[in-house]
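Raw contents of target-v7.cif, mmCIF, N, CA and C atoms:
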```
data_run
#
loop_
_atom_site.label_atom_id
_atom_site.label_comp_id
_atom_site.auth_asym_id
_atom_site.auth_seq_id
_atom_site.Cartn_x
_atom_site.Cartn_y
_atom_site.Cartn_z
N MET P 1 -40.96 48.54 16.12
CA MET P 1 -40.09 47.61 16.80
C MET P 1 -39.33 46.80 15.76
N GLN P 2 -38.06 46.79 15.91
CA GLN P 2 -37.23 46.10 14.94
C GLN P 2 -36.67 44.83 15.58
N LEU P 3 -36.81 43.75 14.87
CA LEU P 3 -36.36 42.45 15.35
C LEU P 3 -34.96 42.19 14.80
N ARG P 4 -34.07 41.97 15.69
CA ARG P 4 -32.69 41.69 15.27
C ARG P 4 -32.44 40.19 15.36
N LEU P 5 -32.02 39.65 14.28
CA LEU P 5 -31.65 38.23 14.26
C LEU P 5 -30.14 38.12 14.41
N LYS P 6 -29.77 37.22 15.24
CA LYS P 6 -28.34 36.99 15.37
C LYS P 6 -27.89 36.10 14.22
N THR P 7 -26.95 36.58 13.52
CA THR P 7 -26.39 35.79 12.43
C THR P 7 -25.07 35.21 12.89
N ARG P 8 -24.91 34.00 12.52
CA ARG P 8 -23.69 33.30 12.90
C ARG P 8 -22.75 33.29 11.70
N LYS P 9 -21.56 33.74 11.92
CA LYS P 9 -20.59 33.72 10.85
C LYS P 9 -20.00 32.31 10.76
N VAL P 10 -20.06 31.79 9.59
CA VAL P 10 -19.52 30.46 9.36
C VAL P 10 -18.12 30.62 8.78
N ASN P 11 -17.21 30.04 9.44
CA ASN P 11 -15.83 30.09 8.98
C ASN P 11 -15.69 29.08 7.83
N VAL P 12 -15.48 29.58 6.65
CA VAL P 12 -15.42 28.73 5.46
C VAL P 12 -14.24 27.77 5.55
N LYS P 13 -13.13 28.23 6.06
CA LYS P 13 -11.95 27.38 6.14
C LYS P 13 -12.18 26.21 7.08
N SER P 14 -12.78 26.45 8.24
CA SER P 14 -13.00 25.35 9.17
C SER P 14 -14.02 24.35 8.61
N ARG P 15 -14.98 24.86 7.85
CA ARG P 15 -15.96 23.96 7.23
C ARG P 15 -15.28 23.08 6.19
N GLN P 16 -14.38 23.64 5.40
CA GLN P 16 -13.65 22.86 4.42
C GLN P 16 -12.74 21.85 5.10
N ASP P 17 -12.11 22.24 6.18
CA ASP P 17 -11.26 21.31 6.92
C ASP P 17 -12.08 20.15 7.47
N ASN P 18 -13.28 20.47 7.97
CA ASN P 18 -14.16 19.43 8.50
C ASN P 18 -14.59 18.46 7.39
N GLU P 19 -14.95 18.99 6.23
CA GLU P 19 -15.34 18.15 5.11
C GLU P 19 -14.18 17.28 4.67
N SER P 20 -12.99 17.84 4.66
CA SER P 20 -11.81 17.08 4.28
C SER P 20 -11.56 15.95 5.29
N ARG P 21 -11.70 16.26 6.54
CA ARG P 21 -11.50 15.24 7.58
C ARG P 21 -12.54 14.13 7.46
N VAL P 22 -13.77 14.50 7.17
CA VAL P 22 -14.82 13.49 6.99
C VAL P 22 -14.48 12.59 5.82
N ARG P 23 -14.02 13.17 4.71
CA ARG P 23 -13.61 12.37 3.55
C ARG P 23 -12.48 11.43 3.91
N GLU P 24 -11.53 11.90 4.69
CA GLU P 24 -10.41 11.03 5.10
C GLU P 24 -10.89 9.87 5.96
N HIS P 25 -11.81 10.14 6.86
CA HIS P 25 -12.35 9.06 7.70
C HIS P 25 -13.14 8.05 6.85
N LEU P 26 -13.92 8.55 5.91
CA LEU P 26 -14.68 7.64 5.05
C LEU P 26 -13.74 6.81 4.17
N SER P 27 -12.68 7.41 3.72
CA SER P 27 -11.69 6.68 2.93
C SER P 27 -11.02 5.60 3.78
N ASN P 28 -10.74 5.94 5.02
CA ASN P 28 -10.15 4.97 5.94
C ASN P 28 -11.09 3.79 6.15
N GLU P 29 -12.38 4.06 6.29
CA GLU P 29 -13.35 2.98 6.47
C GLU P 29 -13.45 2.12 5.22
N ARG P 30 -13.41 2.72 4.04
CA ARG P 30 -13.45 1.93 2.79
C ARG P 30 -12.23 1.03 2.69
N THR P 31 -11.08 1.54 3.08
CA THR P 31 -9.87 0.73 3.06
C THR P 31 -9.98 -0.43 4.03
N TYR P 32 -10.51 -0.17 5.20
CA TYR P 32 -10.71 -1.23 6.19
C TYR P 32 -11.65 -2.31 5.64
N LEU P 33 -12.74 -1.89 5.02
CA LEU P 33 -13.67 -2.87 4.47
C LEU P 33 -13.04 -3.67 3.33
N ALA P 34 -12.16 -3.06 2.56
CA ALA P 34 -11.46 -3.80 1.51
C ALA P 34 -10.55 -4.87 2.12
N TRP P 35 -9.87 -4.53 3.21
CA TRP P 35 -9.05 -5.53 3.90
C TRP P 35 -9.91 -6.66 4.45
N MET P 36 -11.10 -6.34 4.94
CA MET P 36 -12.01 -7.37 5.46
C MET P 36 -12.46 -8.29 4.32
N ARG P 37 -12.75 -7.74 3.15
CA ARG P 37 -13.13 -8.58 2.01
C ARG P 37 -11.97 -9.49 1.61
N THR P 38 -10.76 -8.98 1.68
CA THR P 38 -9.59 -9.80 1.39
C THR P 38 -9.49 -10.95 2.37
N ALA P 39 -9.69 -10.68 3.65
CA ALA P 39 -9.61 -11.73 4.66
C ALA P 39 -10.70 -12.78 4.44
N ILE P 40 -11.90 -12.34 4.10
CA ILE P 40 -12.99 -13.29 3.85
C ILE P 40 -12.67 -14.16 2.64
N ALA P 41 -12.10 -13.57 1.60
CA ALA P 41 -11.72 -14.34 0.41
C ALA P 41 -10.65 -15.37 0.76
N LEU P 42 -9.69 -14.99 1.60
CA LEU P 42 -8.65 -15.94 2.01
C LEU P 42 -9.25 -17.09 2.82
N MET P 43 -10.20 -16.79 3.69
CA MET P 43 -10.86 -17.85 4.45
C MET P 43 -11.66 -18.77 3.54
N ALA P 44 -12.34 -18.20 2.56
CA ALA P 44 -13.10 -19.01 1.62
C ALA P 44 -12.17 -19.91 0.81
N PHE P 45 -11.02 -19.38 0.45
CA PHE P 45 -10.06 -20.19 -0.30
C PHE P 45 -9.52 -21.33 0.57
N ALA P 46 -9.34 -21.08 1.86
CA ALA P 46 -8.89 -22.14 2.76
C ALA P 46 -9.91 -23.28 2.80
N VAL P 47 -11.18 -22.93 2.86
CA VAL P 47 -12.23 -23.95 2.87
C VAL P 47 -12.26 -24.68 1.53
N LEU P 48 -12.09 -23.95 0.44
CA LEU P 48 -12.10 -24.55 -0.89
C LEU P 48 -11.00 -25.59 -1.05
N ILE P 49 -9.82 -25.29 -0.55
CA ILE P 49 -8.71 -26.23 -0.67
C ILE P 49 -9.05 -27.54 0.02
N VAL P 50 -9.63 -27.48 1.20
CA VAL P 50 -9.99 -28.69 1.92
C VAL P 50 -11.11 -29.43 1.19
N ARG P 51 -12.09 -28.70 0.68
CA ARG P 51 -13.24 -29.32 0.02
C ARG P 51 -12.87 -29.94 -1.32
N LEU P 52 -11.92 -29.40 -2.04
CA LEU P 52 -11.53 -29.96 -3.33
C LEU P 52 -11.00 -31.38 -3.19
N ARG P 53 -10.37 -31.64 -2.10
CA ARG P 53 -9.83 -32.99 -1.87
C ARG P 53 -10.98 -34.00 -1.73
N ALA P 54 -12.10 -33.58 -1.18
CA ALA P 54 -13.24 -34.48 -1.04
C ALA P 54 -13.83 -34.84 -2.41
N PHE P 55 -13.80 -33.92 -3.36
CA PHE P 55 -14.34 -34.18 -4.68
C PHE P 55 -13.37 -34.90 -5.61
N HIS P 56 -12.10 -34.78 -5.33
CA HIS P 56 -11.07 -35.40 -6.17
C HIS P 56 -10.06 -36.11 -5.28
N PRO P 57 -10.43 -37.28 -4.76
CA PRO P 57 -9.49 -37.99 -3.87
C PRO P 57 -8.27 -38.47 -4.64
N PRO P 58 -7.14 -38.52 -3.98
CA PRO P 58 -5.92 -38.98 -4.65
C PRO P 58 -5.99 -40.50 -4.93
N LEU P 59 -5.17 -40.95 -5.89
CA LEU P 59 -5.14 -42.37 -6.21
C LEU P 59 -4.57 -43.19 -5.05
N VAL P 60 -3.57 -42.65 -4.42
CA VAL P 60 -2.98 -43.30 -3.26
C VAL P 60 -3.43 -42.53 -2.02
N PRO P 61 -4.19 -43.20 -1.13
CA PRO P 61 -4.66 -42.47 0.06
C PRO P 61 -3.50 -42.03 0.95
N SER P 62 -3.46 -40.73 1.20
CA SER P 62 -2.46 -40.17 2.11
C SER P 62 -3.03 -38.87 2.67
N ILE P 63 -2.39 -38.39 3.70
CA ILE P 63 -2.87 -37.16 4.32
C ILE P 63 -2.64 -35.97 3.41
N GLY P 64 -1.50 -35.89 2.77
CA GLY P 64 -1.21 -34.80 1.85
C GLY P 64 -0.89 -33.49 2.58
N VAL P 65 -0.71 -32.44 1.78
CA VAL P 65 -0.37 -31.15 2.35
C VAL P 65 -1.47 -30.12 2.16
N GLY P 66 -2.58 -30.51 1.56
CA GLY P 66 -3.68 -29.57 1.32
C GLY P 66 -4.21 -28.97 2.60
N TRP P 67 -4.35 -29.78 3.64
CA TRP P 67 -4.87 -29.28 4.90
C TRP P 67 -3.90 -28.29 5.54
N LYS P 68 -2.59 -28.51 5.35
CA LYS P 68 -1.61 -27.57 5.90
C LYS P 68 -1.73 -26.21 5.20
N LEU P 69 -1.86 -26.26 3.88
CA LEU P 69 -2.01 -25.02 3.13
C LEU P 69 -3.31 -24.31 3.52
N SER P 70 -4.35 -25.08 3.76
CA SER P 70 -5.63 -24.51 4.18
C SER P 70 -5.50 -23.82 5.54
N ILE P 71 -4.79 -24.45 6.46
CA ILE P 71 -4.56 -23.84 7.78
C ILE P 71 -3.76 -22.55 7.63
N ILE P 72 -2.77 -22.55 6.77
CA ILE P 72 -1.96 -21.35 6.57
C ILE P 72 -2.83 -20.22 6.01
N PHE P 73 -3.69 -20.54 5.03
CA PHE P 73 -4.60 -19.52 4.49
C PHE P 73 -5.50 -18.96 5.58
N ALA P 74 -6.03 -19.84 6.43
CA ALA P 74 -6.92 -19.37 7.50
C ALA P 74 -6.15 -18.48 8.48
N LEU P 75 -4.91 -18.84 8.79
CA LEU P 75 -4.10 -18.01 9.70
C LEU P 75 -3.77 -16.65 9.08
N VAL P 76 -3.47 -16.65 7.79
CA VAL P 76 -3.19 -15.38 7.11
C VAL P 76 -4.45 -14.51 7.11
N ALA P 77 -5.61 -15.14 6.91
CA ALA P 77 -6.87 -14.39 6.93
C ALA P 77 -7.11 -13.78 8.31
N LEU P 78 -6.90 -14.56 9.35
CA LEU P 78 -7.08 -14.02 10.71
C LEU P 78 -6.06 -12.92 11.00
N GLY P 79 -4.84 -13.11 10.56
CA GLY P 79 -3.83 -12.06 10.72
C GLY P 79 -4.21 -10.79 9.98
N THR P 80 -4.81 -10.95 8.80
CA THR P 80 -5.27 -9.80 8.02
C THR P 80 -6.34 -9.04 8.77
N VAL P 81 -7.26 -9.77 9.40
CA VAL P 81 -8.31 -9.12 10.18
C VAL P 81 -7.70 -8.32 11.33
N LEU P 82 -6.78 -8.94 12.05
CA LEU P 82 -6.16 -8.25 13.20
C LEU P 82 -5.35 -7.04 12.77
N MET P 83 -4.53 -7.21 11.72
CA MET P 83 -3.69 -6.10 11.27
C MET P 83 -4.52 -4.96 10.70
N SER P 84 -5.58 -5.30 9.95
CA SER P 84 -6.38 -4.23 9.36
C SER P 84 -7.17 -3.47 10.42
N THR P 85 -7.61 -4.17 11.46
CA THR P 85 -8.31 -3.49 12.55
C THR P 85 -7.37 -2.55 13.28
N GLN P 86 -6.17 -3.03 13.57
CA GLN P 86 -5.17 -2.18 14.24
C GLN P 86 -4.81 -0.99 13.37
N HIS P 87 -4.66 -1.22 12.08
CA HIS P 87 -4.30 -0.15 11.15
C HIS P 87 -5.43 0.88 11.05
N TYR P 88 -6.66 0.41 11.02
CA TYR P 88 -7.81 1.32 10.95
C TYR P 88 -7.81 2.29 12.12
N PHE P 89 -7.64 1.76 13.34
CA PHE P 89 -7.68 2.64 14.51
C PHE P 89 -6.45 3.55 14.58
N ALA P 90 -5.30 3.07 14.12
CA ALA P 90 -4.11 3.92 14.10
C ALA P 90 -4.29 5.09 13.12
N VAL P 91 -4.82 4.78 11.93
CA VAL P 91 -5.04 5.84 10.94
C VAL P 91 -6.12 6.80 11.43
N ARG P 92 -7.15 6.27 12.05
CA ARG P 92 -8.22 7.14 12.59
C ARG P 92 -7.65 8.12 13.61
N HIS P 93 -6.78 7.62 14.48
CA HIS P 93 -6.14 8.48 15.49
C HIS P 93 -5.26 9.52 14.81
N ASP P 94 -4.48 9.10 13.81
CA ASP P 94 -3.61 10.03 13.09
C ASP P 94 -4.41 11.11 12.35
N ILE P 95 -5.53 10.73 11.77
CA ILE P 95 -6.37 11.72 11.07
C ILE P 95 -6.91 12.74 12.07
N ASP P 96 -7.34 12.26 13.22
CA ASP P 96 -7.85 13.19 14.24
C ASP P 96 -6.77 14.17 14.69
N LEU P 97 -5.53 13.70 14.77
CA LEU P 97 -4.42 14.58 15.18
C LEU P 97 -3.83 15.35 14.01
N ASP P 98 -4.29 15.05 12.79
CA ASP P 98 -3.81 15.69 11.57
C ASP P 98 -2.31 15.45 11.36
N VAL P 99 -1.89 14.22 11.62
CA VAL P 99 -0.47 13.87 11.44
C VAL P 99 -0.30 12.58 10.64
N HIS P 100 -1.30 12.21 9.85
CA HIS P 100 -1.26 10.92 9.16
C HIS P 100 -0.18 10.87 8.09
N GLU P 101 0.62 9.86 8.15
CA GLU P 101 1.61 9.55 7.12
C GLU P 101 1.36 8.11 6.68
N PRO P 102 1.23 7.87 5.39
CA PRO P 102 0.94 6.51 4.93
C PRO P 102 2.08 5.55 5.27
N ARG P 103 1.69 4.33 5.59
CA ARG P 103 2.68 3.30 5.93
C ARG P 103 2.63 2.21 4.86
N ASP P 104 3.79 1.71 4.48
CA ASP P 104 3.86 0.70 3.43
C ASP P 104 4.10 -0.70 3.96
N ARG P 105 4.47 -0.84 5.20
CA ARG P 105 4.90 -2.15 5.70
C ARG P 105 3.81 -3.21 5.63
N TRP P 106 2.54 -2.85 5.92
CA TRP P 106 1.48 -3.86 5.91
C TRP P 106 1.18 -4.31 4.48
N VAL P 107 1.25 -3.39 3.55
CA VAL P 107 1.00 -3.74 2.16
C VAL P 107 2.08 -4.69 1.66
N ILE P 108 3.32 -4.39 1.98
CA ILE P 108 4.44 -5.25 1.57
C ILE P 108 4.34 -6.61 2.25
N LEU P 109 4.04 -6.63 3.54
CA LEU P 109 3.93 -7.89 4.28
C LEU P 109 2.82 -8.77 3.72
N LEU P 110 1.64 -8.21 3.49
CA LEU P 110 0.54 -9.02 2.96
C LEU P 110 0.83 -9.47 1.54
N SER P 111 1.46 -8.62 0.74
CA SER P 111 1.81 -9.01 -0.64
C SER P 111 2.78 -10.18 -0.65
N LEU P 112 3.78 -10.13 0.20
CA LEU P 112 4.73 -11.25 0.28
C LEU P 112 4.05 -12.52 0.78
N THR P 113 3.17 -12.38 1.75
CA THR P 113 2.48 -13.55 2.29
C THR P 113 1.60 -14.21 1.24
N VAL P 114 0.83 -13.41 0.51
CA VAL P 114 -0.04 -13.97 -0.52
C VAL P 114 0.79 -14.56 -1.66
N THR P 115 1.94 -13.97 -1.97
CA THR P 115 2.84 -14.53 -2.98
C THR P 115 3.34 -15.90 -2.54
N LEU P 116 3.71 -16.03 -1.28
CA LEU P 116 4.15 -17.33 -0.77
C LEU P 116 3.02 -18.35 -0.78
N LEU P 117 1.82 -17.92 -0.44
CA LEU P 117 0.67 -18.82 -0.49
C LEU P 117 0.38 -19.26 -1.93
N GLY P 118 0.49 -18.34 -2.86
CA GLY P 118 0.30 -18.69 -4.27
C GLY P 118 1.33 -19.69 -4.74
N THR P 119 2.56 -19.53 -4.29
CA THR P 119 3.62 -20.48 -4.61
C THR P 119 3.28 -21.86 -4.03
N GLY P 120 2.75 -21.88 -2.80
CA GLY P 120 2.34 -23.14 -2.18
C GLY P 120 1.22 -23.81 -2.96
N ILE P 121 0.30 -23.03 -3.49
CA ILE P 121 -0.79 -23.60 -4.28
C ILE P 121 -0.25 -24.20 -5.57
N ILE P 122 0.66 -23.49 -6.22
CA ILE P 122 1.26 -24.02 -7.45
C ILE P 122 1.98 -25.33 -7.15
N TYR P 123 2.72 -25.38 -6.06
CA TYR P 123 3.39 -26.61 -5.66
C TYR P 123 2.38 -27.72 -5.41
N LEU P 124 1.31 -27.42 -4.72
CA LEU P 124 0.26 -28.39 -4.40
C LEU P 124 -0.37 -28.94 -5.67
N VAL P 125 -0.65 -28.08 -6.63
CA VAL P 125 -1.29 -28.51 -7.87
C VAL P 125 -0.35 -29.32 -8.74
N LEU P 126 0.89 -28.87 -8.84
CA LEU P 126 1.82 -29.55 -9.73
C LEU P 126 2.43 -30.83 -9.17
N PHE P 127 2.69 -30.88 -7.89
CA PHE P 127 3.47 -31.99 -7.34
C PHE P 127 2.70 -32.88 -6.38
N GLN P 128 1.43 -32.69 -6.23
CA GLN P 128 0.66 -33.57 -5.33
C GLN P 128 -0.35 -34.38 -6.08
#
```
In structure tokens, how does this file's structure come out?
Amino acid sequence: MQLRLKTRKVNVKSRQDNESRVREHLSNERTYLAWMRTAIALMAFAVLIVRLRAFHPPLVPSIGVGWKLSIIFALVALGTVLMSTQHYFAVRHDIDLDVHEPRDRWVILLSLTVTLLGTGIIYLVLFQ
């Protein structure tokens, strides 16, 4: 009596495509986590700006602009969270459909925003 085992042919190309897709999804998740770290750093900086005033009060008591800059940092951080979450799901959908094209607009927008915030900090340090 001879026992026949059914052998399954593994399509090498589909396995490679699957591995590639998994790598793309993992890369997308790493990018998302990097954006989350950026948002957390922006929130921490917002808190730092408010707290520095408590340790170094001005000679003339006034409200100042530090709290405004802190609010702006917090808003940018929240916007970063929302945009990165939306971007993560859009890229995930594109990877599943195999039509992903990189987008530059969010990178440019966040770079300009952080540049403006940095300019605000320089103004705050030099002129307040």
Which residue of P:Leu124, P:Tyr88, P:Ala77, P:Leu117 approaches Ala44 in chain P most closely, using all atoms listed in the file: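 Result for the nearest residue to Ala44 in chain P: P:Ala77.
Among P:Gly66, P:Leu126, P:Arg51, P:Thr38, the residue with the shortest atom-to-atom distance to Ser111 in chain P, counting only C-alpha atoms, is P:Thr38.
Distances from P:Ser84, P:Ile72, P:Thr115, P:Asp104 to Thr31 in chain P were compared using only N, CA and C atoms, and the smallest one belongs to P:Ser84.
In this model, the gap between CA of Gln86 in chain P and CA of Val107 in chain P comes to 13.7 Å.
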From the list P:Val76, P:Ala90, P:Leu97, P:Leu33, the nearest residue to Val114 in chain P using all atoms listed in the file is P:Val76
Exactly which residues make up the result of the PyMOL selection byres (((chain P and resi 43 and name CA) around 9) and name CA) on this file, given as a list of chain:residue names? P:Thr38, P:Ala39, P:Ile40, P:Ala41, P:Leu42, P:Ala44, P:Phe45, P:Ala46, P:Val47, P:Leu48, P:Ser70, P:Phe73, P:Ala74, P:Leu75, P:Val76, P:Ala77, P:Leu78
As an exercise, work out the distance from atom N of His87 in chain P to CA of Trp106 in chain P in Å and give it to one decimal place.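 Answer for the atom N of His87 in chain P to CA of Trp106 in chain P separation: 9.1 Å.
Between atom C of Ile49 in chain P and atom N of Trp67 in chain P there is a distance of 6.3 Å.
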